[in-house]
$ cat structure31.csv   # CSV, C-alpha atoms
chain,number,residue,atom,x,y,z
A,1,ALA,CA,27.5,50.3,200.2
A,2,MET,CA,24.6,48.5,202.0
A,3,VAL,CA,26.3,48.2,205.3
A,4,ARG,CA,27.5,51.9,205.2
A,5,MET,CA,23.9,52.9,204.4
A,6,MET,CA,22.7,50.7,207.3
A,7,LEU,CA,25.0,52.5,209.7
A,8,VAL,CA,23.8,55.9,208.6
A,9,THR,CA,20.2,54.9,209.0
A,10,LEU,CA,20.9,53.5,212.5
A,11,LEU,CA,22.5,56.8,213.5
A,12,LEU,CA,19.6,58.8,212.2
A,13,GLN,CA,17.1,56.6,214.0
A,14,GLY,CA,18.9,57.0,217.2
A,15,MET,CA,19.7,53.3,217.7
A,16,VAL,CA,23.3,54.2,218.4
A,17,SER,CA,22.8,56.0,221.7
A,18,SER,CA,24.6,59.3,222.5
A,19,TYR,CA,26.7,59.6,225.5
A,20,GLY,CA,28.7,62.2,227.4
A,21,MET,CA,25.7,63.1,229.6
A,22,ILE,CA,27.4,62.0,232.8
A,23,ARG,CA,29.2,64.8,234.6
A,24,ASP,CA,32.8,64.0,235.2
A,25,LEU,CA,34.1,65.3,238.5
A,26,THR,CA,37.5,66.1,239.8
A,27,GLU,CA,39.0,67.6,242.9
A,28,SER,CA,38.7,71.0,241.3
A,29,ASN,CA,35.1,71.0,240.3
A,30,PHE,CA,33.5,68.5,242.8
A,31,HIS,CA,32.4,71.2,245.3
A,32,GLU,CA,31.2,73.4,242.4
A,33,VAL,CA,28.8,70.7,241.2
A,34,VAL,CA,27.9,69.3,244.6
A,35,ASP,CA,27.1,72.7,246.1
A,36,GLY,CA,23.5,72.1,247.3
A,37,SER,CA,21.9,73.7,244.3
A,38,SER,CA,20.9,70.4,242.7
A,39,ASN,CA,20.3,66.8,243.5
A,40,VAL,CA,23.4,64.9,242.6
A,41,LEU,CA,24.0,61.1,242.3
A,42,VAL,CA,27.8,60.5,242.3
A,43,GLN,CA,29.4,57.3,241.3
A,44,PHE,CA,32.8,56.7,242.9
A,45,TYR,CA,34.7,54.4,240.6
A,46,ALA,CA,38.2,53.1,239.7
A,47,PRO,CA,39.4,52.6,236.1
A,48,TRP,CA,40.7,49.1,236.9
A,49,CYS,CA,37.5,48.0,238.6
A,50,GLY,CA,35.6,45.2,236.7
A,51,HIS,CA,32.3,45.9,238.4
A,52,CYS,CA,32.6,49.6,237.5
A,53,LYS,CA,33.1,48.7,233.8
A,54,LEU,CA,29.9,46.6,233.9
A,55,ILE,CA,27.9,49.6,235.2
A,56,GLU,CA,29.1,51.9,232.5
A,57,GLU,CA,26.2,51.3,230.1
A,58,PRO,CA,23.3,51.3,232.6
A,59,TYR,CA,24.7,54.5,234.2
A,60,GLU,CA,24.9,56.2,230.8
A,61,ASP,CA,21.3,55.1,230.2
A,62,LEU,CA,20.3,56.6,233.5
A,63,ALA,CA,22.0,59.9,232.7
A,64,LYS,CA,20.2,59.9,229.3
A,65,LEU,CA,16.8,59.4,230.9
A,66,TYR,CA,17.5,62.2,233.4
A,67,GLN,CA,19.1,64.6,231.0
A,68,SER,CA,16.0,66.8,230.8
A,69,VAL,CA,15.5,67.1,234.6
A,70,SER,CA,16.9,70.4,235.6
A,71,ASP,CA,17.2,69.8,239.3
A,72,THR,CA,19.2,66.5,239.2
A,73,ILE,CA,22.8,65.7,238.0
A,74,ILE,CA,24.2,62.3,237.3
A,75,ALA,CA,28.0,62.4,238.0
A,76,ARG,CA,31.0,60.2,238.6
A,77,ILE,CA,34.5,60.7,239.9
A,78,ASP,CA,37.7,58.6,239.6
A,79,ALA,CA,38.1,57.9,243.3
A,80,ASP,CA,41.4,56.1,242.7
A,81,GLN,CA,42.9,59.3,241.3
A,82,TYR,CA,41.1,61.8,243.5
A,83,ARG,CA,41.7,60.2,246.8
A,84,SER,CA,41.1,63.2,249.0
A,85,ILE,CA,37.5,63.2,247.8
A,86,ARG,CA,37.2,59.4,248.3
A,87,ASP,CA,38.5,59.7,251.8
A,88,LYS,CA,36.3,62.6,252.7
A,89,PHE,CA,33.2,60.7,251.9
A,90,GLU,CA,34.5,57.4,253.4
A,91,VAL,CA,34.4,55.4,250.2
A,92,ASN,CA,35.8,51.9,250.8
A,93,GLY,CA,34.9,50.0,247.7
A,94,TYR,CA,34.1,50.5,244.0
A,95,PRO,CA,31.7,51.3,242.6
A,96,THR,CA,30.0,53.3,245.4
A,97,PHE,CA,27.0,55.5,244.7
A,98,LYS,CA,26.2,58.4,247.0
A,99,PHE,CA,23.2,60.7,246.7
A,100,PHE,CA,23.4,64.4,247.6
A,101,GLN,CA,20.0,65.9,248.1
A,102,ARG,CA,19.3,69.4,246.9
A,103,GLY,CA,20.0,71.8,249.8
A,104,SER,CA,22.9,69.8,251.3
A,105,LYS,CA,26.5,69.3,250.5
A,106,LYS,CA,26.6,66.1,252.4
A,107,PRO,CA,25.3,62.7,251.1
A,108,SER,CA,21.9,61.9,252.4
A,109,ASP,CA,22.0,58.3,251.2
A,110,THR,CA,24.2,55.5,249.7
A,111,TYR,CA,22.6,53.6,246.9
A,112,MET,CA,22.7,49.8,247.6
A,113,GLY,CA,20.2,48.5,245.0
A,114,GLU,CA,20.5,46.6,241.8
A,115,ARG,CA,22.9,48.2,239.2
A,116,ASP,CA,20.5,48.4,236.3
A,117,ALA,CA,19.0,51.6,234.8
A,118,GLU,CA,15.4,50.7,235.6
A,119,THR,CA,16.0,50.2,239.3
A,120,MET,CA,18.2,53.3,239.6
A,121,VAL,CA,15.5,55.4,237.9
A,122,LYS,CA,13.0,54.3,240.5
A,123,TYR,CA,15.5,55.0,243.2
A,124,LEU,CA,16.2,58.5,241.9
A,125,ASN,CA,12.5,59.3,241.5
A,126,SER,CA,11.9,58.3,245.1
A,127,GLN,CA,14.8,60.6,246.3
A,128,THR,CA,14.1,63.6,244.1
A,129,GLY,CA,10.3,63.5,243.8
A,130,ASN,CA,10.6,63.4,240.0
A,131,ALA,CA,8.5,61.0,237.8
A,132,VAL,CA,11.0,60.0,235.1
A,133,LYS,CA,9.7,57.1,233.1
A,134,TYR,CA,12.0,54.2,232.4
A,135,VAL,CA,12.3,53.5,228.7
A,136,LYS,CA,14.2,50.5,227.6
A,137,PRO,CA,17.1,51.5,225.3
A,138,ALA,CA,17.0,50.3,221.7
A,139,ARG,CA,19.0,47.1,221.1
A,140,LYS,CA,22.4,47.8,219.6
A,141,THR,CA,22.5,44.5,217.7
A,142,VAL,CA,21.3,44.8,214.1
A,143,ASP,CA,18.9,42.1,212.8
A,144,LEU,CA,19.8,41.0,209.2
A,145,ASP,CA,17.3,39.6,206.7
A,146,ASP,CA,18.0,37.3,203.7
A,147,ASN,CA,18.5,40.2,201.4
A,148,SER,CA,21.0,42.2,203.5
A,149,LEU,CA,23.0,39.0,204.2
A,150,GLU,CA,23.0,37.9,200.5
A,151,ASN,CA,24.1,41.3,199.3
A,152,LEU,CA,26.8,42.2,201.8
A,153,ALA,CA,28.8,45.0,200.3
A,154,LEU,CA,31.6,46.2,202.6
A,155,GLU,CA,33.7,49.3,202.0
A,156,ASN,CA,37.3,49.5,202.9
A,157,ASN,CA,37.9,49.4,206.7
A,158,THR,CA,34.3,48.4,207.4
A,159,PHE,CA,33.6,45.3,209.4
A,160,ILE,CA,30.5,43.3,210.3
A,161,LEU,CA,30.4,40.7,213.0
A,162,ILE,CA,27.5,38.3,212.4
A,163,ASN,CA,26.0,35.8,214.9
A,164,PHE,CA,24.3,33.0,213.0
A,165,TYR,CA,21.8,31.5,215.4
A,166,ALA,CA,18.6,29.4,215.6
A,167,PRO,CA,15.7,30.3,217.9
A,168,TRP,CA,15.5,26.8,219.3
A,169,CYS,CA,19.2,26.6,220.1
A,170,SER,CA,19.9,26.7,223.9
A,171,HIS,CA,23.6,27.7,223.3
A,172,CYS,CA,22.4,30.6,221.1
A,173,LYS,CA,20.1,31.8,223.9
A,174,ARG,CA,22.9,31.9,226.4
A,175,LEU,CA,25.1,33.7,224.0
A,176,MET,CA,22.6,36.5,223.2
A,177,PRO,CA,23.2,38.7,226.3
A,178,GLU,CA,27.0,38.5,225.8
A,179,PHE,CA,26.7,39.3,222.1
A,180,GLU,CA,24.6,42.4,223.0
A,181,LYS,CA,27.4,43.6,225.2
A,182,VAL,CA,29.7,43.3,222.2
A,183,ALA,CA,27.3,45.5,220.2
A,184,VAL,CA,27.3,48.0,223.1
A,185,ALA,CA,31.1,48.1,223.1
A,186,PHE,CA,31.2,49.1,219.4
A,187,ARG,CA,28.1,51.3,219.2
A,188,HIS,CA,30.3,54.4,218.7
A,189,GLU,CA,32.5,52.9,216.0
A,190,PRO,CA,30.9,53.9,212.7
A,191,SER,CA,32.9,51.4,210.7
A,192,ILE,CA,31.7,48.4,212.7
A,193,VAL,CA,28.3,46.7,212.7
A,194,ILE,CA,27.4,43.9,215.2
A,195,ALA,CA,24.5,41.9,213.7
A,196,LYS,CA,22.7,38.6,214.0
A,197,TYR,CA,20.9,36.4,211.5
A,198,ASN,CA,18.3,33.7,212.1
A,199,ALA,CA,20.0,31.0,210.2
A,200,ASP,CA,17.1,28.6,210.5
A,201,VAL,CA,14.9,30.5,208.1
A,202,ASN,CA,17.1,30.0,205.0
A,203,LEU,CA,19.3,26.9,205.3
A,204,GLU,CA,20.6,27.2,201.7
A,205,LEU,CA,21.9,30.8,202.4
A,206,THR,CA,23.2,29.7,205.7
A,207,LYS,CA,25.2,26.8,204.1
A,208,LYS,CA,26.5,29.3,201.5
A,209,HIS,CA,28.2,31.1,204.4
A,210,GLY,CA,29.8,27.9,205.6
A,211,VAL,CA,27.6,27.7,208.7
A,212,GLU,CA,27.0,24.1,209.9
A,213,SER,CA,26.2,24.5,213.6
A,214,TYR,CA,24.8,27.1,215.9
A,215,PRO,CA,25.8,29.6,217.1
A,216,THR,CA,28.5,30.4,214.5
A,217,ILE,CA,30.1,33.9,214.6
A,218,LYS,CA,31.9,35.3,211.6
A,219,LEU,CA,33.6,38.6,211.0
A,220,TYR,CA,33.3,40.0,207.5
A,221,SER,CA,35.3,42.8,205.9
A,222,ASN,CA,36.4,43.9,202.4
A,223,ALA,CA,39.7,42.1,202.9
A,224,THR,CA,38.1,38.8,204.1
A,225,LYS,CA,34.9,38.5,202.1
A,226,GLY,CA,34.4,34.8,203.1
A,227,GLY,CA,34.5,35.9,206.7
A,228,ILE,CA,36.7,34.8,209.6
A,229,VAL,CA,35.2,32.3,211.9
A,230,TYR,CA,35.4,33.2,215.6
A,231,ASP,CA,36.4,30.2,217.7
A,232,GLY,CA,37.1,31.9,221.1
A,233,GLY,CA,35.2,32.0,224.3
A,234,ARG,CA,31.6,33.0,224.4
A,235,GLU,CA,32.0,35.9,226.9
A,236,ALA,CA,31.8,39.4,225.6
A,237,GLU,CA,35.4,40.5,226.4
A,238,SER,CA,36.8,37.7,224.2
A,239,MET,CA,34.6,38.7,221.3
A,240,ILE,CA,35.5,42.4,221.8
A,241,ASP,CA,39.2,41.5,221.7
A,242,PHE,CA,38.7,39.5,218.5
A,243,VAL,CA,37.0,42.5,216.7
A,244,ASN,CA,39.7,44.9,218.1
A,245,ARG,CA,42.4,42.7,216.8
A,246,HIS,CA,41.1,42.5,213.3
A,247,ALA,CA,39.6,46.0,213.0
A,248,GLY,CA,42.4,47.9,214.7
A,249,THR,CA,40.0,49.4,217.2
A,250,LEU,CA,40.6,49.8,221.0
A,251,ARG,CA,37.1,49.4,222.6
A,252,LYS,CA,36.5,47.7,225.9
A,253,LEU,CA,33.5,46.3,227.7
A,254,GLY,CA,30.9,49.0,228.2
A,255,GLY,CA,32.0,51.0,225.1
A,256,GLY,CA,34.8,53.1,226.5
A,257,LEU,CA,38.2,53.4,225.0
A,258,ARG,CA,41.2,51.3,226.3
A,259,GLU,CA,43.8,53.4,228.0
A,260,GLU,CA,46.3,52.9,225.2
A,261,ALA,CA,44.0,54.7,222.7
A,262,GLY,CA,45.8,57.8,221.4
A,263,ILE,CA,49.1,56.7,222.8
A,264,VAL,CA,52.1,56.6,220.4
A,265,ALA,CA,54.7,54.5,222.1
A,266,SER,CA,57.5,55.6,219.7
A,267,LEU,CA,57.2,59.1,221.0
A,268,ASP,CA,57.7,58.2,224.6
A,269,ARG,CA,61.4,58.8,224.6
A,270,HIS,CA,61.0,62.3,223.1
A,271,VAL,CA,58.5,63.2,225.8
A,272,GLN,CA,60.8,62.0,228.6
A,273,ASP,CA,63.7,64.0,227.2
A,274,PHE,CA,61.5,67.1,226.7
A,275,LEU,CA,60.2,67.1,230.2
A,276,LYS,CA,63.7,67.0,231.6
A,277,ASP,CA,64.9,70.3,230.1
A,278,ARG,CA,62.1,71.5,227.8
A,279,ASP,CA,64.6,71.8,225.0
A,280,PRO,CA,62.9,72.6,221.6
A,281,GLN,CA,65.2,70.0,219.9
A,282,TRP,CA,63.0,67.2,221.4
A,283,ILE,CA,59.9,68.7,219.7
A,284,ALA,CA,61.8,68.7,216.4
A,285,ALA,CA,62.9,65.1,217.0
A,286,ALA,CA,59.2,64.1,217.7
A,287,GLU,CA,58.1,65.9,214.5
A,288,GLU,CA,60.7,64.0,212.5
A,289,GLN,CA,59.5,60.8,214.0
A,290,LEU,CA,55.9,61.5,212.8
A,291,GLY,CA,57.1,61.2,209.3
A,292,HIS,CA,57.9,57.6,209.8
A,293,LEU,CA,54.5,56.6,211.4
A,294,GLU,CA,51.4,55.2,209.7
A,295,SER,CA,48.7,57.9,209.2
A,296,GLN,CA,46.6,56.8,212.1
A,297,TYR,CA,49.5,57.0,214.6
A,298,ALA,CA,50.8,60.2,213.0
A,299,GLN,CA,47.4,61.8,213.6
A,300,ASP,CA,47.5,60.9,217.3
A,301,GLY,CA,51.1,62.0,217.4
A,302,ARG,CA,50.3,65.5,216.3
A,303,TYR,CA,48.6,66.1,219.6
A,304,TYR,CA,51.9,65.2,221.3
A,305,ILE,CA,53.6,68.0,219.4
A,306,HIS,CA,50.7,70.4,220.4
A,307,VAL,CA,51.1,69.5,224.1
A,308,MET,CA,54.9,69.9,224.0
A,309,ARG,CA,54.7,73.3,222.4
A,310,LYS,CA,52.1,74.4,224.9
A,311,VAL,CA,54.3,73.2,227.8
A,312,LEU,CA,57.2,75.1,226.3
A,313,ASP,CA,55.1,78.3,226.1
A,314,ARG,CA,53.1,78.1,229.3
A,315,GLY,CA,54.9,75.7,231.6
A,316,GLU,CA,54.0,72.3,233.0
A,317,THR,CA,50.9,73.7,234.7
A,318,PHE,CA,49.3,73.5,231.2
A,319,LEU,CA,49.0,69.7,231.6
A,320,GLU,CA,46.7,69.8,234.5
A,321,GLU,CA,44.8,72.8,233.2
A,322,GLU,CA,44.2,71.2,229.9
A,323,ARG,CA,43.1,67.9,231.5
A,324,GLU,CA,40.6,69.8,233.6
A,325,ARG,CA,39.3,71.6,230.5
A,326,LEU,CA,38.9,68.4,228.5
A,327,LEU,CA,37.0,66.8,231.4
A,328,ARG,CA,34.6,69.7,231.3
A,329,VAL,CA,34.2,69.3,227.6
A,330,THR,CA,33.5,65.6,227.8
A,331,SER,CA,30.7,66.2,230.4
A,332,GLY,CA,28.7,68.0,227.7
A,333,SER,CA,26.8,66.5,224.8
A,334,LEU,CA,29.3,65.5,222.1
A,335,SER,CA,29.1,63.4,219.0
A,336,PRO,CA,30.7,59.9,219.4
A,337,ARG,CA,33.5,60.9,217.1
A,338,LYS,CA,34.3,64.0,219.1
A,339,LEU,CA,34.1,62.2,222.4
A,340,THR,CA,36.5,59.6,221.2
A,341,GLU,CA,38.9,62.3,220.1
A,342,MET,CA,38.7,64.0,223.5
A,343,HIS,CA,39.3,60.7,225.4
A,344,LYS,CA,42.4,60.0,223.3
A,345,LYS,CA,43.7,63.4,224.2
A,346,LEU,CA,43.0,62.8,227.9
A,347,HIS,CA,45.0,59.5,227.6
A,348,VAL,CA,48.0,61.5,226.1
A,349,LEU,CA,47.8,64.1,228.9
A,350,ASP,CA,47.8,61.3,231.5
A,351,GLU,CA,50.9,59.9,229.9
A,352,PHE,CA,52.6,63.3,230.1
A,353,LEU,CA,51.6,63.7,233.7
A,354,ALA,CA,52.8,60.3,234.6
A,355,LYS,CA,56.2,60.9,233.0
A,356,GLN,CA,56.3,64.4,234.7
A,357,ALA,CA,55.8,62.7,238.1
A,358,GLU,CA,58.5,60.1,237.3
A,359,HIS,CA,60.9,62.9,236.5
A,360,THR,CA,60.0,64.8,239.6
A,361,GLN,CA,60.7,61.7,241.8
A,362,VAL,CA,64.1,61.2,240.2
A,363,GLU,CA,65.0,64.8,241.0
$ encode --input "structure31.csv" --output "structure tokens"
Amino acid sequence: AMVRMMLVTLLLQGMVSSYGMIRDLTESNFHEVVDGSSNVLVQFYAPWCGHCKLIEEPYEDLAKLYQSVSDTIIARIDADQYRSIRDKFEVNGYPTFKFFQRGSKKPSDTYMGERDAETMVKYLNSQTGNAVKYVKPARKTVDLDDNSLENLALENNTFILINFYAPWCSHCKRLMPEFEKVAVAFRHEPSIVIAKYNADVNLELTKKHGVESYPTIKLYSNATKGGIVYDGGREAESMIDFVNRHAGTLRKLGGGLREEAGIVASLDRHVQDFLKDRDPQWIAAAEEQLGHLESQYAQDGRYYIHVMRKVLDRGETFLEEERERLLRVTSGSLSPRKLTEMHKKLHVLDEFLAKQAEHTQVE
């Protein structure tokens, strides 16, 4: 199908940027990374912080630009979880950026500049003596022409969100930056395309799609060939929620996965019971439950079974050890599909650890 071919072409051309180049730090590996052997820029963030979510894309762009520089590491740490590190470096707000110069284990500076990749590249160059050139990332929004719009052919479970705009429309101009954020959010979802079409160039084709005013946003899929008109707010988060709701995805502003991705709520009770006494009967009960789940949830649920068996074999220390291992894996260069899989597993491990903590408190 045309849209599927378009997606493959975009991936080959590199328009869908890779990620996973930011080094994720924890209490265990912080001092191994910030050991004075390299320059390190560390972002102290909190998962619930709105400003932190807004910096996700620029910070990924910064890491990508600096990936070939051997003496400098771009890193981040969840300061809300690893509070001993937060307190040691006197972090009082999120996000906070501290620069550790090569040769020192103490921060030499706190970055206070604009939170865009271009400004941060200039800052890092001034601190490290490197000469990394800022290259503006390719746009994530796809431009449709008359032919691609007229011959939309969508495979099952493939979606395309189209912004019908006119260049002279002031409302359209204000929408564009927000719409680009939507494209960023779904850039690692191979079944979703975020596109725009200059509706002013072919009014007959525009009317054929039921567009009478600008901007008009419609979501197309194999199940709704006429498209679903979006009538919500014109901020990115509302449009992201709209696509998630219809496509069954769980993306958030910045492109990360929502915390519920990978979580199978119907298995919660079995996890709680298992962590109380580690009786194998709860694993069997969870396996039986998998047979009643839709394929997507059953696939996520299989990791629950894997974790329960590992805990039975190696004890509850497996949970923290596995979490640390996956964080190291995600700091490498992974495909979008693999990174999504790793983050889902991390969410499941966090769920196990939270229930383990609850059980410990009860005791």
$ atom_distance --input "structure31.csv" --atom1 "atom CA of A:Trp282" --atom2 "atom CA of A:Glu322"
21.0 Å
$ atom_distance --input "structure31.csv" --atom1 "atom CA of A:Gly232" --atom2 "atom CA of A:Tyr59"
28.9 Å
$ residues_around --input "structure31.csv" --residues "A:Asn202" --least-positions-apart "3" --cutoff "12 Å" --atoms "only C-alpha atoms" --output "PyMOL selection string"
chain A and resi 145-147+149-150+164-166+197-199+205-209+211
$ residues_around --input "structure31.csv" --residues "A:Met239" --least-positions-apart "4" --cutoff "7 Å" --atoms "only C-alpha atoms" --output "list in words"
Val182, Glu235 and Val243 of chain A
$ closest_residue --input "structure31.csv" --among "A:Thr141, A:Asn156, A:Thr26, A:Ser126" --to "A:Glu180" --atoms "only C-alpha atoms"
A:Thr141
$ closest_atom_pairs --input "structure31.csv" --of "stretch 127-239 of chain A" --to "stretch 97-121 of chain A" --cutoff "10 Å" --atoms "all atoms listed in the file" --output "CSV"
residue,atom,partner,partner_atom,distance
A:Gln127,CA,A:Gln101,CA,7.6
A:Thr128,CA,A:Gln101,CA,7.5
A:Asn130,CA,A:Val121,CA,9.6
A:Ala131,CA,A:Val121,CA,9.0
A:Val132,CA,A:Val121,CA,7.0
A:Lys133,CA,A:Val121,CA,7.7
A:Tyr134,CA,A:Glu118,CA,5.8
A:Val135,CA,A:Glu118,CA,8.1
A:Lys136,CA,A:Glu118,CA,8.1
A:Pro137,CA,A:Ala117,CA,9.7
$ atom_distance --input "structure31.csv" --atom1 "atom CA of A:Leu65" --atom2 "atom CA of A:Arg23"
14.0 Å
$ residues_near_point --input "structure31.csv" --point "(27.4, 39.8, 203.2)" --cutoff "12 Å" --atoms "only C-alpha atoms" --output "PDB file with C-alpha atoms, keeping the file's coordinate frame"
ATOM      1  CA  ALA A   1      27.500  50.300 200.200  1.00  0.00           C
ATOM      2  CA  MET A   2      24.600  48.500 202.000  1.00  0.00           C
ATOM      3  CA  VAL A   3      26.300  48.200 205.300  1.00  0.00           C
ATOM      4  CA  LEU A 144      19.800  41.000 209.200  1.00  0.00           C
ATOM      5  CA  ASP A 145      17.300  39.600 206.700  1.00  0.00           C
ATOM      6  CA  ASP A 146      18.000  37.300 203.700  1.00  0.00           C
ATOM      7  CA  ASN A 147      18.500  40.200 201.400  1.00  0.00           C
ATOM      8  CA  SER A 148      21.000  42.200 203.500  1.00  0.00           C
ATOM      9  CA  LEU A 149      23.000  39.000 204.200  1.00  0.00           C
ATOM     10  CA  GLU A 150      23.000  37.900 200.500  1.00  0.00           C
ATOM     11  CA  ASN A 151      24.100  41.300 199.300  1.00  0.00           C
ATOM     12  CA  LEU A 152      26.800  42.200 201.800  1.00  0.00           C
ATOM     13  CA  ALA A 153      28.800  45.000 200.300  1.00  0.00           C
ATOM     14  CA  LEU A 154      31.600  46.200 202.600  1.00  0.00           C
ATOM     15  CA  GLU A 155      33.700  49.300 202.000  1.00  0.00           C
ATOM     16  CA  THR A 158      34.300  48.400 207.400  1.00  0.00           C
ATOM     17  CA  PHE A 159      33.600  45.300 209.400  1.00  0.00           C
ATOM     18  CA  ILE A 160      30.500  43.300 210.300  1.00  0.00           C
ATOM     19  CA  LEU A 161      30.400  40.700 213.000  1.00  0.00           C
ATOM     20  CA  ILE A 162      27.500  38.300 212.400  1.00  0.00           C
ATOM     21  CA  VAL A 193      28.300  46.700 212.700  1.00  0.00           C
ATOM     22  CA  ALA A 195      24.500  41.900 213.700  1.00  0.00           C
ATOM     23  CA  LYS A 196      22.700  38.600 214.000  1.00  0.00           C
ATOM     24  CA  TYR A 197      20.900  36.400 211.500  1.00  0.00           C
ATOM     25  CA  LEU A 205      21.900  30.800 202.400  1.00  0.00           C
ATOM     26  CA  THR A 206      23.200  29.700 205.700  1.00  0.00           C
ATOM     27  CA  LYS A 208      26.500  29.300 201.500  1.00  0.00           C
ATOM     28  CA  HIS A 209      28.200  31.100 204.400  1.00  0.00           C
ATOM     29  CA  LYS A 218      31.900  35.300 211.600  1.00  0.00           C
ATOM     30  CA  LEU A 219      33.600  38.600 211.000  1.00  0.00           C
ATOM     31  CA  TYR A 220      33.300  40.000 207.500  1.00  0.00           C
ATOM     32  CA  SER A 221      35.300  42.800 205.900  1.00  0.00           C
ATOM     33  CA  ASN A 222      36.400  43.900 202.400  1.00  0.00           C
ATOM     34  CA  THR A 224      38.100  38.800 204.100  1.00  0.00           C
ATOM     35  CA  LYS A 225      34.900  38.500 202.100  1.00  0.00           C
ATOM     36  CA  GLY A 226      34.400  34.800 203.100  1.00  0.00           C
ATOM     37  CA  GLY A 227      34.500  35.900 206.700  1.00  0.00           C
TER      38      GLY A 227
END
$ closest_residue --input "structure31.csv" --among "A:Ile55, A:Leu203, A:Ile77, A:Leu275" --to "A:Gln43" --atoms "all atoms listed in the file"
A:Ile77
$ residues_around --input "structure31.csv" --residues "stretch 257-271 of chain A" --least-positions-apart "2" --cutoff "6 Å" --atoms "only C-alpha atoms" --output "list in words"
Leu250, Arg251, Lys252, Asp273, Phe274, Trp282, Ala286, Asp300, Lys344 and Val348 of chain A
$ closest_residue --input "structure31.csv" --among "A:Gln299, A:Ser28, A:Ser238, A:Gln289" --to "A:Tyr82" --atoms "all atoms listed in the file"
A:Ser28
$ residues_around --input "structure31.csv" --residues "A:Ala357" --least-positions-apart "5" --cutoff "12 Å" --atoms "all atoms listed in the file" --output "PyMOL selection string"
chain A and resi 272+275-276+316+319+350-352+362-363
$ residues_near_point --input "structure31.csv" --point "(60.9, 72.8, 226.3)" --cutoff "9 Å" --atoms "only C-alpha atoms" --output "JSON list (two decimals) with C-alpha atoms, in the frame of the given file"
[["chain", "number", "residue", "atom", "x", "y", "z"],
["A", 274, "PHE", "CA", 61.50, 67.10, 226.70],
["A", 275, "LEU", "CA", 60.20, 67.10, 230.20],
["A", 276, "LYS", "CA", 63.70, 67.00, 231.60],
["A", 277, "ASP", "CA", 64.90, 70.30, 230.10],
["A", 278, "ARG", "CA", 62.10, 71.50, 227.80],
["A", 279, "ASP", "CA", 64.60, 71.80, 225.00],
["A", 280, "PRO", "CA", 62.90, 72.60, 221.60],
["A", 281, "GLN", "CA", 65.20, 70.00, 219.90],
["A", 282, "TRP", "CA", 63.00, 67.20, 221.40],
["A", 283, "ILE", "CA", 59.90, 68.70, 219.70],
["A", 308, "MET", "CA", 54.90, 69.90, 224.00],
["A", 309, "ARG", "CA", 54.70, 73.30, 222.40],
["A", 311, "VAL", "CA", 54.30, 73.20, 227.80],
["A", 312, "LEU", "CA", 57.20, 75.10, 226.30],
["A", 313, "ASP", "CA", 55.10, 78.30, 226.10],
["A", 315, "GLY", "CA", 54.90, 75.70, 231.60]]
$ closest_residue --input "structure31.csv" --among "A:Phe318, A:Ile192, A:Asp61, A:His292" --to "A:His306" --atoms "only C-alpha atoms"
A:Phe318
